[in-house]
Structures are given as structure tokens and as C-alpha cells.
>>> print(open('entry_2.pdb').read())   # PDB, C-alpha atoms
ATOM      1  CA  VAL Z   1       3.500  -0.427   1.827  1.00  0.00           C
ATOM      2  CA  PRO Z   2      -0.291  -0.019   2.033  1.00  0.00           C
ATOM      3  CA  VAL Z   3      -1.756  -1.060   5.369  1.00  0.00           C
ATOM      4  CA  TRP Z   4      -3.966  -3.732   3.804  1.00  0.00           C
ATOM      5  CA  THR Z   5      -0.994  -5.693   2.407  1.00  0.00           C
ATOM      6  CA  ASP Z   6       0.667  -6.171   5.815  1.00  0.00           C
ATOM      7  CA  PRO Z   7      -0.935  -8.704   8.188  1.00  0.00           C
ATOM      8  CA  LYS Z   8       0.423  -6.924  11.293  1.00  0.00           C
ATOM      9  CA  GLN Z   9      -1.018  -3.597  10.144  1.00  0.00           C
ATOM     10  CA  CYS Z  10      -4.387  -5.224   9.410  1.00  0.00           C
ATOM     11  CA  GLN Z  11      -4.425  -6.718  12.905  1.00  0.00           C
ATOM     12  CA  ALA Z  12      -3.460  -3.353  14.397  1.00  0.00           C
ATOM     13  CA  LEU Z  13      -6.305  -1.695  12.471  1.00  0.00           C
ATOM     14  CA  ILE Z  14      -8.871  -4.201  13.757  1.00  0.00           C
ATOM     15  CA  ASP Z  15      -7.445  -3.954  17.295  1.00  0.00           C
ATOM     16  CA  TYR Z  16      -7.735  -0.167  17.169  1.00  0.00           C
ATOM     17  CA  ALA Z  17     -11.333  -0.302  15.907  1.00  0.00           C
ATOM     18  CA  THR Z  18     -12.229  -2.860  18.577  1.00  0.00           C
ATOM     19  CA  THR Z  19     -10.621  -0.843  21.367  1.00  0.00           C
ATOM     20  CA  THR Z  20     -12.194   2.398  20.170  1.00  0.00           C
ATOM     21  CA  TYR Z  21     -15.695   1.156  19.321  1.00  0.00           C
ATOM     22  CA  GLY Z  22     -16.034  -2.029  21.369  1.00  0.00           C
ATOM     23  CA  ARG Z  23     -16.259  -4.503  18.491  1.00  0.00           C
ATOM     24  CA  VAL Z  24     -16.316  -4.812  14.729  1.00  0.00           C
ATOM     25  CA  ASP Z  25     -19.788  -5.737  13.483  1.00  0.00           C
ATOM     26  CA  ILE Z  26     -19.188  -5.387   9.746  1.00  0.00           C
ATOM     27  CA  LEU Z  27     -16.026  -5.693   7.691  1.00  0.00           C
ATOM     28  CA  VAL Z  28     -16.216  -4.497   4.090  1.00  0.00           C
ATOM     29  CA  ASN Z  29     -13.167  -5.546   2.096  1.00  0.00           C
ATOM     30  CA  ASN Z  30     -13.266  -2.938  -0.639  1.00  0.00           C
ATOM     31  CA  ALA Z  31      -9.618  -1.964  -0.968  1.00  0.00           C
ATOM     32  CA  GLY Z  32      -8.059  -2.864  -4.254  1.00  0.00           C
ATOM     33  CA  THR Z  33      -5.892  -1.580  -6.999  1.00  0.00           C
ATOM     34  CA  ASN Z  34      -6.184  -1.179 -10.711  1.00  0.00           C
ATOM     35  CA  ILE Z  35      -3.129  -1.344 -12.927  1.00  0.00           C
ATOM     36  CA  LYS Z  36      -3.037   0.486 -16.239  1.00  0.00           C
ATOM     37  CA  ASP Z  37      -0.891  -2.137 -17.994  1.00  0.00           C
ATOM     38  CA  ARG Z  38      -2.757  -5.186 -16.727  1.00  0.00           C
ATOM     39  CA  THR Z  39      -2.824  -7.637 -19.600  1.00  0.00           C
ATOM     40  CA  LEU Z  40      -0.803 -10.764 -18.986  1.00  0.00           C
ATOM     41  CA  ARG Z  41       1.690  -9.638 -21.586  1.00  0.00           C
ATOM     42  CA  GLU Z  42       2.184  -6.253 -19.874  1.00  0.00           C
ATOM     43  CA  LEU Z  43       2.243  -7.353 -16.229  1.00  0.00           C
ATOM     44  CA  THR Z  44       5.597  -7.613 -14.527  1.00  0.00           C
ATOM     45  CA  PRO Z  45       6.283  -9.695 -11.429  1.00  0.00           C
ATOM     46  CA  GLU Z  46       6.321  -6.451  -9.412  1.00  0.00           C
ATOM     47  CA  THR Z  47       2.963  -5.192 -10.675  1.00  0.00           C
ATOM     48  CA  TRP Z  48       1.495  -8.687 -10.260  1.00  0.00           C
ATOM     49  CA  ASP Z  49       2.632  -8.773  -6.620  1.00  0.00           C
ATOM     50  CA  MET Z  50       1.180  -5.307  -6.032  1.00  0.00           C
ATOM     51  CA  MET Z  51      -2.171  -6.301  -7.558  1.00  0.00           C
ATOM     52  CA  ILE Z  52      -2.392  -9.593  -5.644  1.00  0.00           C
ATOM     53  CA  GLY Z  53      -1.253  -7.886  -2.435  1.00  0.00           C
ATOM     54  CA  ALA Z  54      -4.005  -5.294  -2.590  1.00  0.00           C
ATOM     55  CA  ASN Z  55      -6.825  -7.315  -4.132  1.00  0.00           C
ATOM     56  CA  LEU Z  56      -6.434 -10.713  -2.460  1.00  0.00           C
ATOM     57  CA  ASN Z  57      -3.994 -10.595   0.437  1.00  0.00           C
ATOM     58  CA  GLY Z  58      -5.572  -7.486   1.903  1.00  0.00           C
ATOM     59  CA  ALA Z  59      -9.013  -9.084   2.046  1.00  0.00           C
ATOM     60  CA  PHE Z  60      -7.542 -12.227   3.590  1.00  0.00           C
ATOM     61  CA  TYR Z  61      -5.505 -10.381   6.253  1.00  0.00           C
ATOM     62  CA  CYS Z  62      -8.368  -8.110   7.315  1.00  0.00           C
ATOM     63  CA  THR Z  63     -10.818 -11.016   7.424  1.00  0.00           C
ATOM     64  CA  LYS Z  64      -8.378 -13.121   9.445  1.00  0.00           C
ATOM     65  CA  ALA Z  65      -7.891 -10.247  11.903  1.00  0.00           C
ATOM     66  CA  VAL Z  66     -11.618  -9.904  12.633  1.00  0.00           C
ATOM     67  CA  LEU Z  67     -12.766 -13.550  12.563  1.00  0.00           C
ATOM     68  CA  ASP Z  68     -11.987 -14.513  16.174  1.00  0.00           C
ATOM     69  CA  GLN Z  69     -14.195 -11.821  17.674  1.00  0.00           C
ATOM     70  CA  MET Z  70     -17.034 -12.524  15.246  1.00  0.00           C
ATOM     71  CA  PHE Z  71     -16.930 -16.262  15.902  1.00  0.00           C
ATOM     72  CA  ALA Z  72     -16.716 -15.695  19.666  1.00  0.00           C
ATOM     73  CA  ARG Z  73     -19.981 -13.758  19.715  1.00  0.00           C
ATOM     74  CA  LYS Z  74     -21.522 -15.722  16.803  1.00  0.00           C
ATOM     75  CA  ASP Z  75     -22.316 -12.507  15.007  1.00  0.00           C
ATOM     76  CA  GLY Z  76     -20.834 -10.292  12.315  1.00  0.00           C
ATOM     77  CA  VAL Z  77     -20.867  -9.686   8.596  1.00  0.00           C
ATOM     78  CA  ILE Z  78     -17.988  -9.740   6.113  1.00  0.00           C
ATOM     79  CA  VAL Z  79     -18.553  -8.346   2.627  1.00  0.00           C
ATOM     80  CA  ASN Z  80     -15.976  -9.041  -0.056  1.00  0.00           C
TER      81      ASN Z  80
END
>>> encode(input="entry_2.pdb", output="C-alpha cells")
Amino acid sequence: VPVWTDPKQCQALIDYATTTYGRVDILVNNAGTNIKDRTLRELTPETWDMMIGANLNGAFYCTKAVLDQMFARKDGVIVN
């Protein structure tokens, strides 16, 4: 399971970056996946879940993990 599809792993990643570097100033959500057979006719429930997990859930989980510290200091940038 890729780290960006697991909310606990996303939180652990942000916690590690914060502990190591002091804070997260910028989050760039650029992880995603491309599926060869991606037309609606070709997609299966499994490939759909994989695509949504990487492209949408990953951005949500990483953003959620970093928001508290950015709001607390009223500073930070998130690029999707």
C-alpha cells in the first residue's frame, strides 16, 4: 500500500518532517497514478479504488495531517 493512501502513514510522514525540520512550510500534493486502461468501460472496481486512493485520498490525507500546524501559526502553503 503506497504511503499516501494510508492516513496513518501520511500523519507519520508529516510528524517525521516536523520533528526533523521543525515545521512544514509547504506541502505539494503531487503524488498520483495513471492507469493504462482508464476508460470507464475498462476500469474495474480495483483499478478505480487504486486511482482514487492515489489521486484524491492521498492529497486529502496529507493535507489533513499538516493543517493543524499551519493554522496554529497562520502560515503555510498547500499546492494541489
>>> atom_distance(input="entry_2.pdb", atom1="CA of Leu13 (chain Z)", atom2="CA of Gly76 (chain Z)")
16.9 Å
>>> residues_near_point(input="entry_2.pdb", point="(-16.1, -3.8, -1.7)", cutoff="8 Å", atoms="only C-alpha atoms", output="PyMOL selection string")
chain Z and resi 28-31+79-80
>>> atom_distance(input="entry_2.pdb", atom1="CA of Met50 (chain Z)", atom2="CA of Ile35 (chain Z)")
9.0 Å
>>> resolve_selection(input="entry_2.pdb", expression="the PyMOL selection byres ((chain Z and resi 61) around 12)", output="list in words")
Val3, Trp4, Thr5, Asp6, Pro7, Lys8, Gln9, Cys10, Gln11, Ala12, Leu13, Ile14, Leu27, Asn29, Ala31, Gly53, Ala54, Asn55, Leu56, Asn57, Gly58, Ala59, Phe60, Cys62, Thr63, Lys64, Ala65, Val66 and Leu67 of chain Z
>>> write_last_selection(input="entry_2.pdb", atoms="C-alpha atoms", output="PDB file, keeping the file's coordinate frame")
ATOM      1  CA  VAL Z   3      -1.756  -1.060   5.369  1.00  0.00           C
ATOM      2  CA  TRP Z   4      -3.966  -3.732   3.804  1.00  0.00           C
ATOM      3  CA  THR Z   5      -0.994  -5.693   2.407  1.00  0.00           C
ATOM      4  CA  ASP Z   6       0.667  -6.171   5.815  1.00  0.00           C
ATOM      5  CA  PRO Z   7      -0.935  -8.704   8.188  1.00  0.00           C
ATOM      6  CA  LYS Z   8       0.423  -6.924  11.293  1.00  0.00           C
ATOM      7  CA  GLN Z   9      -1.018  -3.597  10.144  1.00  0.00           C
ATOM      8  CA  CYS Z  10      -4.387  -5.224   9.410  1.00  0.00           C
ATOM      9  CA  GLN Z  11      -4.425  -6.718  12.905  1.00  0.00           C
ATOM     10  CA  ALA Z  12      -3.460  -3.353  14.397  1.00  0.00           C
ATOM     11  CA  LEU Z  13      -6.305  -1.695  12.471  1.00  0.00           C
ATOM     12  CA  ILE Z  14      -8.871  -4.201  13.757  1.00  0.00           C
ATOM     13  CA  LEU Z  27     -16.026  -5.693   7.691  1.00  0.00           C
ATOM     14  CA  ASN Z  29     -13.167  -5.546   2.096  1.00  0.00           C
ATOM     15  CA  ALA Z  31      -9.618  -1.964  -0.968  1.00  0.00           C
ATOM     16  CA  GLY Z  53      -1.253  -7.886  -2.435  1.00  0.00           C
ATOM     17  CA  ALA Z  54      -4.005  -5.294  -2.590  1.00  0.00           C
ATOM     18  CA  ASN Z  55      -6.825  -7.315  -4.132  1.00  0.00           C
ATOM     19  CA  LEU Z  56      -6.434 -10.713  -2.460  1.00  0.00           C
ATOM     20  CA  ASN Z  57      -3.994 -10.595   0.437  1.00  0.00           C
ATOM     21  CA  GLY Z  58      -5.572  -7.486   1.903  1.00  0.00           C
ATOM     22  CA  ALA Z  59      -9.013  -9.084   2.046  1.00  0.00           C
ATOM     23  CA  PHE Z  60      -7.542 -12.227   3.590  1.00  0.00           C
ATOM     24  CA  CYS Z  62      -8.368  -8.110   7.315  1.00  0.00           C
ATOM     25  CA  THR Z  63     -10.818 -11.016   7.424  1.00  0.00           C
ATOM     26  CA  LYS Z  64      -8.378 -13.121   9.445  1.00  0.00           C
ATOM     27  CA  ALA Z  65      -7.891 -10.247  11.903  1.00  0.00           C
ATOM     28  CA  VAL Z  66     -11.618  -9.904  12.633  1.00  0.00           C
ATOM     29  CA  LEU Z  67     -12.766 -13.550  12.563  1.00  0.00           C
TER      30      LEU Z  67
END
>>> residues_around(input="entry_2.pdb", residues="Arg38 (chain Z)", least_positions_apart="6", cutoff="10 Å", atoms="only C-alpha atoms", output="number ranges by chain")
Z: 44, 47-48, 51
>>> atom_distance(input="entry_2.pdb", atom1="CA of Lys74 (chain Z)", atom2="CA of Gly22 (chain Z)")
15.4 Å
>>> closest_residue(input="entry_2.pdb", among="Z:Thr18, Z:Val24, Z:Arg73, Z:Thr33", to="Asp49 (chain Z)", atoms="only C-alpha atoms")
Z:Thr33
>>> build_atoms(input="entry_2.pdb", residues="region 56-78 of chain Z", atoms="N, CA, C and O atoms", output="mmCIF file, in the frame of the given file")
data_model
loop_
_atom_site.group_PDB
_atom_site.id
_atom_site.type_symbol
_atom_site.label_atom_id
_atom_site.label_comp_id
_atom_site.auth_asym_id
_atom_site.auth_seq_id
_atom_site.Cartn_x
_atom_site.Cartn_y
_atom_site.Cartn_z
ATOM 1 N N LEU Z 56 -6.169 -9.427 -3.109
ATOM 2 C CA LEU Z 56 -6.434 -10.713 -2.460
ATOM 3 C C LEU Z 56 -5.879 -10.776 -1.043
ATOM 4 O O LEU Z 56 -6.605 -11.099 -0.104
ATOM 5 N N ASN Z 57 -4.600 -10.489 -0.893
ATOM 6 C CA ASN Z 57 -3.994 -10.595 0.437
ATOM 7 C C ASN Z 57 -4.639 -9.653 1.432
ATOM 8 O O ASN Z 57 -4.855 -10.012 2.590
ATOM 9 N N GLY Z 58 -4.951 -8.453 0.998
ATOM 10 C CA GLY Z 58 -5.572 -7.486 1.903
ATOM 11 C C GLY Z 58 -6.901 -7.973 2.445
ATOM 12 O O GLY Z 58 -7.178 -7.869 3.647
ATOM 13 N N ALA Z 59 -7.727 -8.540 1.593
ATOM 14 C CA ALA Z 59 -9.013 -9.084 2.046
ATOM 15 C C ALA Z 59 -8.795 -10.238 3.013
ATOM 16 O O ALA Z 59 -9.475 -10.343 4.037
ATOM 17 N N PHE Z 60 -7.836 -11.095 2.715
ATOM 18 C CA PHE Z 60 -7.542 -12.227 3.590
ATOM 19 C C PHE Z 60 -7.053 -11.747 4.958
ATOM 20 O O PHE Z 60 -7.541 -12.199 5.996
ATOM 21 N N TYR Z 61 -6.086 -10.829 4.983
ATOM 22 C CA TYR Z 61 -5.505 -10.381 6.253
ATOM 23 C C TYR Z 61 -6.530 -9.658 7.125
ATOM 24 O O TYR Z 61 -6.563 -9.857 8.335
ATOM 25 N N CYS Z 62 -7.346 -8.823 6.525
ATOM 26 C CA CYS Z 62 -8.368 -8.110 7.315
ATOM 27 C C CYS Z 62 -9.436 -9.073 7.827
ATOM 28 O O CYS Z 62 -9.878 -8.960 8.973
ATOM 29 N N THR Z 63 -9.839 -10.020 6.987
ATOM 30 C CA THR Z 63 -10.818 -11.016 7.424
ATOM 31 C C THR Z 63 -10.248 -11.851 8.559
ATOM 32 O O THR Z 63 -10.908 -12.074 9.580
ATOM 33 N N LYS Z 64 -9.035 -12.318 8.414
ATOM 34 C CA LYS Z 64 -8.378 -13.121 9.445
ATOM 35 C C LYS Z 64 -8.297 -12.362 10.763
ATOM 36 O O LYS Z 64 -8.507 -12.932 11.831
ATOM 37 N N ALA Z 65 -8.039 -11.067 10.698
ATOM 38 C CA ALA Z 65 -7.891 -10.247 11.903
ATOM 39 C C ALA Z 65 -9.197 -10.077 12.661
ATOM 40 O O ALA Z 65 -9.191 -9.879 13.877
ATOM 41 N N VAL Z 66 -10.326 -10.158 11.993
ATOM 42 C CA VAL Z 66 -11.618 -9.904 12.633
ATOM 43 C C VAL Z 66 -12.390 -11.190 12.972
ATOM 44 O O VAL Z 66 -13.335 -11.159 13.753
ATOM 45 N N LEU Z 67 -11.986 -12.319 12.415
ATOM 46 C CA LEU Z 67 -12.766 -13.550 12.563
ATOM 47 C C LEU Z 67 -12.948 -14.009 14.006
ATOM 48 O O LEU Z 67 -14.050 -14.412 14.392
ATOM 49 N N ASP Z 68 -11.888 -13.997 14.802
ATOM 50 C CA ASP Z 68 -11.987 -14.513 16.174
ATOM 51 C C ASP Z 68 -13.097 -13.840 16.963
ATOM 52 O O ASP Z 68 -13.890 -14.507 17.627
ATOM 53 N N GLN Z 69 -13.163 -12.509 16.899
ATOM 54 C CA GLN Z 69 -14.195 -11.821 17.674
ATOM 55 C C GLN Z 69 -15.591 -12.095 17.130
ATOM 56 O O GLN Z 69 -16.548 -12.195 17.892
ATOM 57 N N MET Z 70 -15.720 -12.234 15.819
ATOM 58 C CA MET Z 70 -17.034 -12.524 15.246
ATOM 59 C C MET Z 70 -17.489 -13.943 15.599
ATOM 60 O O MET Z 70 -18.647 -14.157 15.946
ATOM 61 N N PHE Z 71 -16.581 -14.890 15.523
ATOM 62 C CA PHE Z 71 -16.930 -16.262 15.902
ATOM 63 C C PHE Z 71 -17.246 -16.354 17.391
ATOM 64 O O PHE Z 71 -18.169 -17.067 17.783
ATOM 65 N N ALA Z 72 -16.502 -15.641 18.220
ATOM 66 C CA ALA Z 72 -16.716 -15.695 19.666
ATOM 67 C C ALA Z 72 -18.119 -15.241 20.044
ATOM 68 O O ALA Z 72 -18.740 -15.803 20.945
ATOM 69 N N ARG Z 73 -18.635 -14.238 19.387
ATOM 70 C CA ARG Z 73 -19.981 -13.758 19.715
ATOM 71 C C ARG Z 73 -21.048 -14.288 18.761
ATOM 72 O O ARG Z 73 -22.218 -13.948 18.876
ATOM 73 N N LYS Z 74 -20.613 -15.121 17.791
ATOM 74 C CA LYS Z 74 -21.522 -15.722 16.803
ATOM 75 C C LYS Z 74 -22.349 -14.668 16.078
ATOM 76 O O LYS Z 74 -23.541 -14.832 15.854
ATOM 77 N N ASP Z 75 -21.645 -13.603 15.673
ATOM 78 C CA ASP Z 75 -22.316 -12.507 15.007
ATOM 79 C C ASP Z 75 -21.292 -11.693 14.237
ATOM 80 O O ASP Z 75 -20.143 -11.580 14.659
ATOM 81 N N GLY Z 76 -21.695 -11.141 13.120
ATOM 82 C CA GLY Z 76 -20.834 -10.292 12.315
ATOM 83 C C GLY Z 76 -21.044 -10.565 10.841
ATOM 84 O O GLY Z 76 -21.540 -11.624 10.463
ATOM 85 N N VAL Z 77 -20.687 -9.585 10.047
ATOM 86 C CA VAL Z 77 -20.867 -9.686 8.596
ATOM 87 C C VAL Z 77 -19.560 -9.280 7.925
ATOM 88 O O VAL Z 77 -18.953 -8.273 8.286
ATOM 89 N N ILE Z 78 -19.161 -10.064 6.931
ATOM 90 C CA ILE Z 78 -17.988 -9.740 6.113
ATOM 91 C C ILE Z 78 -18.451 -9.678 4.669
ATOM 92 O O ILE Z 78 -19.051 -10.627 4.161
#
